[in-house]
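Asker: Sending over my_file-v2.txt (compact mmCIF, C-alpha atoms and all ligand atoms).
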# COMPACT_ATOMS: atom_id res chain seq x y z
CA LEU M 95 15.67 2.19 67.14
CA LYS M 96 12.59 3.84 65.66
CA PRO M 97 11.19 7.15 66.92
CA PHE M 98 9.61 6.73 70.38
CA ASP M 99 10.76 3.14 70.82
CA ARG M 100 11.03 2.62 74.55
CA VAL M 101 14.46 2.23 76.14
CA LEU M 102 14.94 0.94 79.68
CA THR M 103 17.39 2.88 81.80
CA THR M 104 18.19 4.18 85.27
CA PRO M 105 17.00 7.47 86.79
CA LEU M 106 20.22 7.69 88.86
CA SER M 107 23.10 8.61 86.56
CA ALA M 108 24.65 11.49 84.71
CA PHE M 109 21.96 13.19 82.63
CA ALA M 110 24.02 12.28 79.55
CA THR M 111 22.82 8.66 79.76
CA THR M 112 19.21 9.67 79.15
CA LEU M 113 20.16 12.41 76.73
CA ALA M 114 21.78 9.80 74.49
CA ILE M 115 18.51 7.82 74.41
CA ILE M 116 16.47 10.92 73.56
CA ARG M 117 18.95 12.15 70.94
CA ALA M 118 18.67 8.75 69.27
CA GLY M 119 14.89 9.22 69.12
CA GLY M 120 13.94 6.82 71.92
CA SER M 121 11.67 7.30 74.93
CA PRO M 122 13.32 6.49 78.24
CA VAL M 123 11.61 4.15 80.71
CA PHE M 124 13.03 4.66 84.19
CA VAL M 125 13.37 1.65 86.47
CA ASP M 126 14.31 1.86 90.15
CA VAL M 127 17.79 1.03 91.44
CA ASP M 128 18.79 -1.67 93.92
CA ALA M 129 20.38 -1.18 97.35
CA GLN M 130 23.75 -0.44 95.68
CA GLY M 131 22.28 2.31 93.51
CA LEU M 132 22.57 0.32 90.28
CA VAL M 133 19.57 -0.23 88.02
CA ASP M 134 17.61 -3.16 89.48
CA LEU M 135 17.83 -6.02 87.00
CA ASP M 136 15.00 -7.95 88.70
CA VAL M 137 12.66 -4.99 88.23
CA CYS M 138 13.86 -4.73 84.62
CA ARG M 139 12.92 -8.38 84.14
CA ALA M 140 9.44 -7.78 85.61
CA PHE M 141 8.95 -4.84 83.25
CA LEU M 142 10.16 -6.78 80.22
CA GLU M 143 7.86 -9.69 81.01
CA GLN M 144 4.90 -7.29 80.91
CA ASN M 145 6.21 -5.34 77.91
CA ARG M 146 7.43 -7.86 75.36
CA ASP M 147 7.81 -5.23 72.65
CA VAL M 148 10.60 -3.39 74.49
CA ARG M 149 13.99 -4.35 73.07
CA PHE M 150 16.45 -1.67 74.18
CA PHE M 151 18.33 -1.18 77.43
CA VAL M 152 20.98 1.33 78.55
CA PRO M 153 22.32 0.15 81.93
CA VAL M 154 24.95 2.11 83.88
CA HIS M 155 27.71 0.55 85.98
CA LEU M 156 27.43 3.33 88.51
CA PHE M 157 30.06 4.38 91.08
CA GLY M 158 32.61 2.08 89.38
CA ARG M 159 30.57 -1.00 90.41
CA SER M 160 29.61 -3.58 87.86
CA LEU M 161 26.06 -4.81 87.51
CA ASP M 162 25.62 -8.57 87.83
CA LEU M 163 26.86 -9.42 84.33
CA GLY M 164 25.41 -12.93 84.41
CA LYS M 165 21.96 -11.50 85.07
CA LEU M 166 22.49 -8.83 82.41
CA ALA M 167 23.48 -11.45 79.84
CA ASP M 168 20.38 -13.51 80.74
CA LEU M 169 18.12 -10.49 80.21
CA LYS M 170 19.80 -9.87 76.87
CA SER M 171 19.14 -13.37 75.61
CA ASP M 172 15.71 -13.89 77.22
CA PHE M 173 14.27 -10.70 75.72
CA SER M 174 16.48 -10.31 72.60
CA LEU M 175 17.72 -6.99 73.91
CA LYS M 176 19.99 -4.48 72.25
CA ILE M 177 22.17 -3.20 75.07
CA VAL M 178 24.45 -0.17 75.24
CA GLU M 179 26.42 -0.40 78.49
CA ASP M 180 27.38 2.97 79.98
CA CYS M 181 30.88 2.30 81.30
CA ALA M 182 31.84 5.94 81.93
CA GLN M 183 32.50 5.12 85.60
CA SER M 184 33.44 1.47 85.33
CA VAL M 185 36.54 1.03 83.17
CA LEU M 186 38.22 -2.23 84.38
CA ALA M 187 35.41 -3.08 86.84
CA ARG M 188 34.50 -6.76 86.91
CA PHE M 189 31.74 -9.06 88.05
CA GLY M 190 32.58 -12.73 88.50
CA GLY M 191 35.84 -12.09 86.65
CA ARG M 192 34.08 -10.63 83.61
CA LEU M 193 34.69 -7.02 82.51
CA THR M 194 31.93 -4.43 82.25
CA GLY M 195 31.24 -3.58 78.63
CA SER M 196 31.47 -7.20 77.52
CA VAL M 197 27.75 -8.04 77.52
CA GLY M 198 26.06 -5.37 75.39
CA GLN M 199 26.37 -5.05 71.63
CA ILE M 200 28.03 -1.71 72.41
CA ALA M 201 29.73 -0.20 75.42
CA THR M 202 30.62 3.45 75.81
CA THR M 203 32.96 5.33 78.05
CA SER M 204 33.80 8.92 78.81
CA PHE M 205 37.33 10.30 78.98
CA TYR M 206 36.14 13.40 80.82
CA PRO M 207 39.12 14.38 83.00
CA THR M 208 37.51 13.28 86.30
CA LYS M 209 36.80 9.71 85.15
CA ASN M 210 39.03 6.79 86.10
CA LEU M 211 40.51 7.01 82.62
CA GLY M 212 40.24 10.64 81.58
CA ALA M 213 41.85 12.63 78.81
CA PHE M 214 42.99 16.23 79.27
CA GLY M 215 39.69 17.48 77.90
CA ASP M 216 36.38 16.13 76.66
CA ALA M 217 36.65 12.82 74.87
CA GLY M 218 35.07 9.39 74.83
CA ALA M 219 34.94 6.05 73.08
CA VAL M 220 32.58 3.38 71.83
CA PHE M 221 33.46 -0.32 72.12
CA THR M 222 32.02 -3.18 70.13
CA ASP M 223 33.04 -6.58 68.84
CA ASP M 224 30.55 -6.35 65.97
CA GLN M 225 32.38 -5.36 62.77
CA ASP M 226 29.33 -3.80 61.10
CA LEU M 227 28.64 -1.62 64.12
CA GLN M 228 32.32 -0.70 64.25
CA ARG M 229 32.31 0.47 60.64
CA ARG M 230 29.12 2.40 61.20
CA CYS M 231 30.57 4.18 64.27
CA VAL M 232 33.70 5.12 62.35
CA SER M 233 31.53 6.60 59.62
CA LEU M 234 29.08 8.36 61.96
CA ARG M 235 31.82 10.10 63.95
CA ASN M 236 33.09 11.59 60.72
CA TYR M 237 29.91 13.20 59.23
CA GLY M 238 28.63 9.81 58.07
CA GLN M 239 31.39 9.43 55.50
CA SER M 240 31.95 5.88 54.32
CA SER M 241 34.91 7.07 52.26
CA ARG M 242 36.25 10.50 51.49
CA TYR M 243 33.43 12.90 50.52
CA VAL M 244 30.97 10.03 50.22
CA HIS M 245 28.14 10.42 52.74
CA ASP M 246 25.85 7.42 53.14
CA GLU M 247 24.01 8.80 56.14
CA LEU M 248 23.87 11.86 58.38
CA GLY M 249 26.64 11.65 60.92
CA LEU M 250 28.31 14.16 63.20
CA ASN M 251 31.73 15.47 64.03
CA SER M 252 32.62 13.32 67.01
CA ARG M 253 36.25 12.57 66.38
CA LEU M 254 38.81 12.20 69.14
CA ASP M 255 41.64 14.53 68.17
CA GLU M 256 45.16 13.19 67.79
CA LEU M 257 46.60 15.07 70.75
CA HIS M 258 44.13 13.58 73.23
CA ALA M 259 44.49 10.18 71.64
CA ALA M 260 48.27 10.32 72.00
CA ILE M 261 48.07 11.43 75.63
CA LEU M 262 45.59 8.65 76.37
CA VAL M 263 47.60 5.94 74.65
CA GLN M 264 51.08 6.93 75.75
CA ALA M 265 50.66 8.61 79.11
CA LEU M 266 47.38 7.58 80.71
CA ILE M 267 46.43 4.03 79.68
CA PRO M 268 49.82 2.63 80.82
CA ARG M 269 49.13 4.03 84.30
CA LEU M 270 45.49 2.95 84.54
CA GLY M 271 46.20 -0.37 86.26
CA HIS M 272 48.35 1.27 88.88
CA TRP M 273 45.83 4.06 89.45
CA THR M 274 43.00 1.57 89.79
CA GLU M 275 45.00 -0.36 92.40
CA ARG M 276 45.51 2.84 94.34
CA ARG M 277 41.76 3.56 94.26
CA CYS M 278 41.12 0.05 95.61
CA GLU M 279 43.71 0.52 98.34
CA ILE M 280 42.04 3.76 99.47
CA ALA M 281 38.59 2.15 99.34
CA LYS M 282 39.84 -0.70 101.49
CA ARG M 283 41.08 1.74 104.10
CA TYR M 284 37.76 3.63 104.09
CA LEU M 285 35.84 0.36 104.40
CA THR M 286 37.84 -0.83 107.38
CA GLU M 287 38.84 2.42 109.11
CA ILE M 288 35.84 4.74 108.86
CA LYS M 289 33.95 4.03 112.06
CA ASN M 290 30.82 6.07 112.50
CA PRO M 291 27.43 4.67 113.57
CA HIS M 292 25.66 7.48 111.66
CA LEU M 293 27.15 6.48 108.31
CA ARG M 294 26.29 3.44 106.24
CA ILE M 295 28.61 2.10 103.62
CA ILE M 296 26.91 0.43 100.67
CA PRO M 297 28.10 -3.21 100.72
CA VAL M 298 29.77 -4.68 97.65
CA PRO M 299 28.54 -8.11 96.45
CA ARG M 300 31.12 -10.88 96.78
CA GLU M 301 31.62 -11.38 93.02
CA SER M 302 31.92 -7.68 92.28
CA ASN M 303 35.32 -5.99 91.81
CA PRO M 304 34.63 -2.25 91.75
CA VAL M 305 37.12 0.31 90.45
CA TRP M 306 35.90 2.92 92.93
CA HIS M 307 35.15 5.79 90.60
CA LEU M 308 33.27 7.13 93.62
CA PHE M 309 33.10 6.14 97.27
CA PRO M 310 29.45 6.59 98.27
CA VAL M 311 28.31 6.59 101.90
CA LEU M 312 24.78 7.04 103.20
CA ILE M 313 23.57 9.28 106.00
CA THR M 314 19.99 10.22 106.91
CA ALA M 315 18.67 13.14 104.87
CA ASP M 316 18.30 15.50 107.84
CA ARG M 317 21.97 15.08 108.74
CA ARG M 318 23.56 15.25 105.31
CA THR M 319 24.23 18.98 105.15
CA ALA M 320 25.75 19.12 108.64
CA PHE M 321 27.98 16.15 107.81
CA ARG M 322 29.17 17.74 104.58
CA ASP M 323 29.78 21.08 106.33
CA GLN M 324 31.98 19.32 108.88
CA LEU M 325 33.95 17.61 106.11
CA GLU M 326 34.39 20.93 104.39
CA SER M 327 35.66 22.69 107.48
CA ASP M 328 38.17 19.84 107.88
CA GLY M 329 39.35 20.53 104.32
CA VAL M 330 37.63 17.48 102.85
CA GLN M 331 35.62 17.99 99.68
CA SER M 332 32.48 15.92 99.16
CA ALA M 333 29.81 15.63 96.49
CA ILE M 334 26.35 14.16 95.89
CA HIS M 335 25.70 11.61 93.14
CA TYR M 336 23.07 12.59 92.27
CA PRO M 337 20.96 15.25 93.97
CA ARG M 338 18.06 14.96 91.51
CA LEU M 339 16.60 12.03 89.57
CA ILE M 340 16.79 12.32 85.81
CA SER M 341 13.03 11.74 85.64
CA ASP M 342 12.52 14.81 87.87
CA GLN M 343 14.64 17.14 85.74
CA GLU M 344 12.89 20.15 84.28
CA ALA M 345 14.06 19.26 80.77
CA LEU M 346 11.99 16.08 80.97
CA VAL M 347 9.10 17.09 83.20
CA ASN M 348 8.21 20.22 81.22
CA GLY M 349 10.18 19.57 78.08
CA GLY M 350 7.35 17.85 76.21
CA GLN M 351 9.54 14.78 76.12
CA ARG M 352 7.93 11.36 76.11
CA PHE M 353 9.13 9.17 79.01
CA GLU M 354 7.79 6.66 81.51
CA VAL M 355 8.45 5.76 85.11
CA TYR M 356 7.94 2.08 85.92
CA ARG M 357 6.49 1.50 89.39
CA GLN M 358 8.12 3.52 92.17
CA LEU M 359 11.65 4.94 92.18
CA ALA M 360 11.88 4.69 95.98
CA ASN M 361 15.48 3.46 96.24
CA ALA M 362 16.76 5.95 93.71
CA ARG M 363 14.91 8.77 95.43
CA ARG M 364 16.30 7.79 98.81
CA LEU M 365 19.84 7.89 97.39
CA THR M 366 19.32 11.44 96.09
CA LEU M 367 18.60 12.43 99.70
CA GLU M 368 21.10 10.29 101.60
CA GLU M 369 24.18 9.78 99.43
CA VAL M 370 27.53 11.54 100.00
CA SER M 371 30.62 10.81 97.90
CA LEU M 372 33.93 10.95 99.77
CA PRO M 373 37.15 11.90 97.95
CA ILE M 374 38.72 8.97 96.16
CA HIS M 375 41.29 9.29 93.42
CA PRO M 376 44.79 7.91 92.89
CA GLN M 377 46.56 11.18 93.67
CA LEU M 378 45.37 11.26 97.30
CA SER M 379 48.32 10.88 99.65
CA ASP M 380 48.18 8.63 102.73
CA THR M 381 47.92 11.80 104.84
CA ASP M 382 44.93 12.95 102.76
CA VAL M 383 43.29 9.56 103.29
CA ASP M 384 43.98 9.77 107.05
CA ARG M 385 42.25 13.13 107.10
CA VAL M 386 39.16 11.87 105.29
CA ILE M 387 38.94 8.89 107.67
CA ALA M 388 39.34 11.09 110.75
CA SER M 389 36.83 13.67 109.57
CA ALA M 390 34.20 11.10 108.55
CA SER M 391 34.69 9.05 111.73
CA ASN M 392 34.61 11.99 114.14
CA TRP M 393 31.40 13.58 112.92
CA ALA M 394 28.40 13.28 115.20
CA PRO M 395 25.02 15.03 115.14
CA LYS M 396 24.81 17.98 117.55
C1 LIG T 1 30.41 11.25 82.84
C2 LIG T 1 29.33 10.35 82.51
C3 LIG T 1 28.69 10.42 81.26
C4 LIG T 1 28.94 11.51 80.26
O1 LIG T 1 30.18 11.51 79.70
P1 LIG T 1 30.54 12.62 78.60
O2 LIG T 1 31.98 12.40 78.34
O3 LIG T 1 30.25 13.95 79.22
O4 LIG T 1 29.67 12.35 77.43
C5 LIG T 1 27.72 9.49 80.97
N1 LIG T 1 27.38 8.53 81.86
C6 LIG T 1 27.96 8.44 83.07
C7 LIG T 1 27.54 7.35 84.00
C8 LIG T 1 28.95 9.36 83.44
O5 LIG T 1 29.51 9.26 84.65
Could you take the file, read its structure, and then write that structure out as structure tokens?

Answerer:
Amino acid sequence: LKPFDRVLTTPLSAFATTLAIIRAGGSPVFVDVDAQGLVDLDVCRAFLEQNRDVRFFVPVHLFGRSLDLGKLADLKSDFSLKIVEDCAQSVLARFGGRLTGSVGQIATTSFYPTKNLGAFGDAGAVFTDDQDLQRRCVSLRNYGQSSRYVHDELGLNSRLDELHAAILVQALIPRLGHWTERRCEIAKRYLTEIKNPHLRIIPVPRESNPVWHLFPVLITADRRTAFRDQLESDGVQSAIHYPRLISDQEALVNGGQRFEVYRQLANARRLTLEEVSLPIHPQLSDTDVDRVIASASNWAPK
């Protein structure tokens, strides 16, 4: 990546996704999302056909839902793309049996404590099956040292400390499968038991096996606050993912940062106004789940 090389990405994600592109010296190009809220790979293809020089892409498997990995792999080969898959929300998610993180040259994840696989503090990991990239990552995370006190390039201190690593390996990873199953069980109950004509649940494509990092529902913008207030008074926490597009953030708009918006971001913008995330995590009890279902089902506009 050379300074100001353009990098395709989504405007609907954690700000960190775009920050990584900018920190690497690239200029983000924001492409709209599809009906699920994931970056629209057909729009990406249209952009790439018109912009043959663009070779970088940072897609996000948002909400714990995998992008269509067949389509992603086709884009990669048709346009010789370098892809970094943001798997912070999608550890173990699959599409057509294939795991997220298996298409790009690199995949990343976050072990922030609220993620499906979190540590007890800030942490993260990079995945690759390319040995040269692997060696480079190992060097970069340790001040760019190729061997002790030998610095071939400017790196950073981005090591995962031993304590977090041990907790991850011994306590958390062994439970991840079980926790993911529990998330799926809760999602299944929400999908079948929440009955409310004012709420829309974003359908999951047949080949997609989400890991339900979040459980997003949609409600019209004018009703969202009242709905969330009702949940709150029933003791049910909710959140919005995300209330503002990355391309609308002050840091970009007035930050002198170079970026582009391709066509309209209508779907992404609609999600910022209509999305509500219901509680979903493996520690919810059946009674908690009952309460979420009752509260979400009983709400009606006044
Ligand atoms: C949480 C998250 C990040 C940032 O992770 P950090 O551990 O804070 O670097 C990036 N992308 C997505 C999609 C996330 O959900």

Asker: Which of these residues is nearest to ligand LIG 1 (chain T), using all atoms listed in the file: M:Cys278, M:Val137, M:Val185, M:Ala217?

Answerer: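 Comparing M:Cys278, M:Val137, M:Val185, M:Ala217 against ligand LIG 1 (chain T), the winner is M:Ala217.
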
Asker: Give me, as a ChimeraX atom specification, the set of residues whose atoms come within 9 Å of any atom of ligand LIG 1 (chain T), counting only C-alpha atoms and all ligand atoms.

Answerer: /M:106-112,114,154-157,180-184,202-209,216-219,307

Asker: Looking at only C-alpha atoms, which of M:Glu301, M:Asp126, M:Asp134, M:Asp147 is the one that sits closest to Leu193 in chain M?

Answerer: M:Glu301

Asker: Hey, which of M:His375, M:Arg253, M:Arg242, M:Arg385 ends up closest to Glu275 in chain M? Count all atoms listed in the file.

Answerer: M:His375

Asker: Between CA of Pro299 in chain M and CA of Ile267 in chain M, measure the distance and give it in Å to one decimal.

Answerer: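 According to the coordinates, CA of Pro299 in chain M and CA of Ile267 in chain M are separated by 27.4 Å.
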
Asker: Could you check the closest approach to Trp306 in chain M for each of M:Leu257, M:Val244, M:Leu186, M:Ile200 and tell me which residue wins, using all atoms listed in the file?

Answerer: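 Ranked by minimum distance to Trp306 in chain M, first place goes to M:Leu186.
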
Asker: Using all atoms listed in the file, which protein or nucleic acid residues come within 6 Å of Ser160 in chain M? Drop anything in the same chain fewer than 6 positions from it, and give the result as JSON, numbers by chain.

Answerer: {"M": [187, 188, 189]}

Asker: Please produce a file of the residues just selected, as an mmCIF file, keeping the file's coordinate frame, where the atoms kept are C-alpha atoms.

Answerer:
data_model
loop_
_atom_site.group_PDB
_atom_site.id
_atom_site.type_symbol
_atom_site.label_atom_id
_atom_site.label_comp_id
_atom_site.auth_asym_id
_atom_site.auth_seq_id
_atom_site.Cartn_x
_atom_site.Cartn_y
_atom_site.Cartn_z
ATOM 1 C CA ALA M 187 35.410 -3.080 86.840
ATOM 2 C CA ARG M 188 34.500 -6.760 86.910
ATOM 3 C CA PHE M 189 31.740 -9.060 88.050
#

Asker: Have a look at CA of Tyr336 in chain M and CA of Pro310 in chain M and let me know their distance in Å, one decimal.

Answerer: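 Distance reported for this atom pair: 10.6 Å.
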
Asker: Find the residues around Pro373 in chain M up to 8 Å (all atoms listed in the file counted), leave out those fewer than 4 positions away in its own chain, and share them as a PyMOL selection string.

Answerer: chain M and resi 308-309+330-332+386

Asker: Could you please give me, as a PyMOL selection string, the residues of protein, DNA or RNA lying at most 10 Å from (23.5, -5.4, 86.4) in the coordinate frame of the file, considering all atoms listed in the file?

Answerer: chain M and resi 127-128+132-136+138+153-156+159-167+169+179+189+194
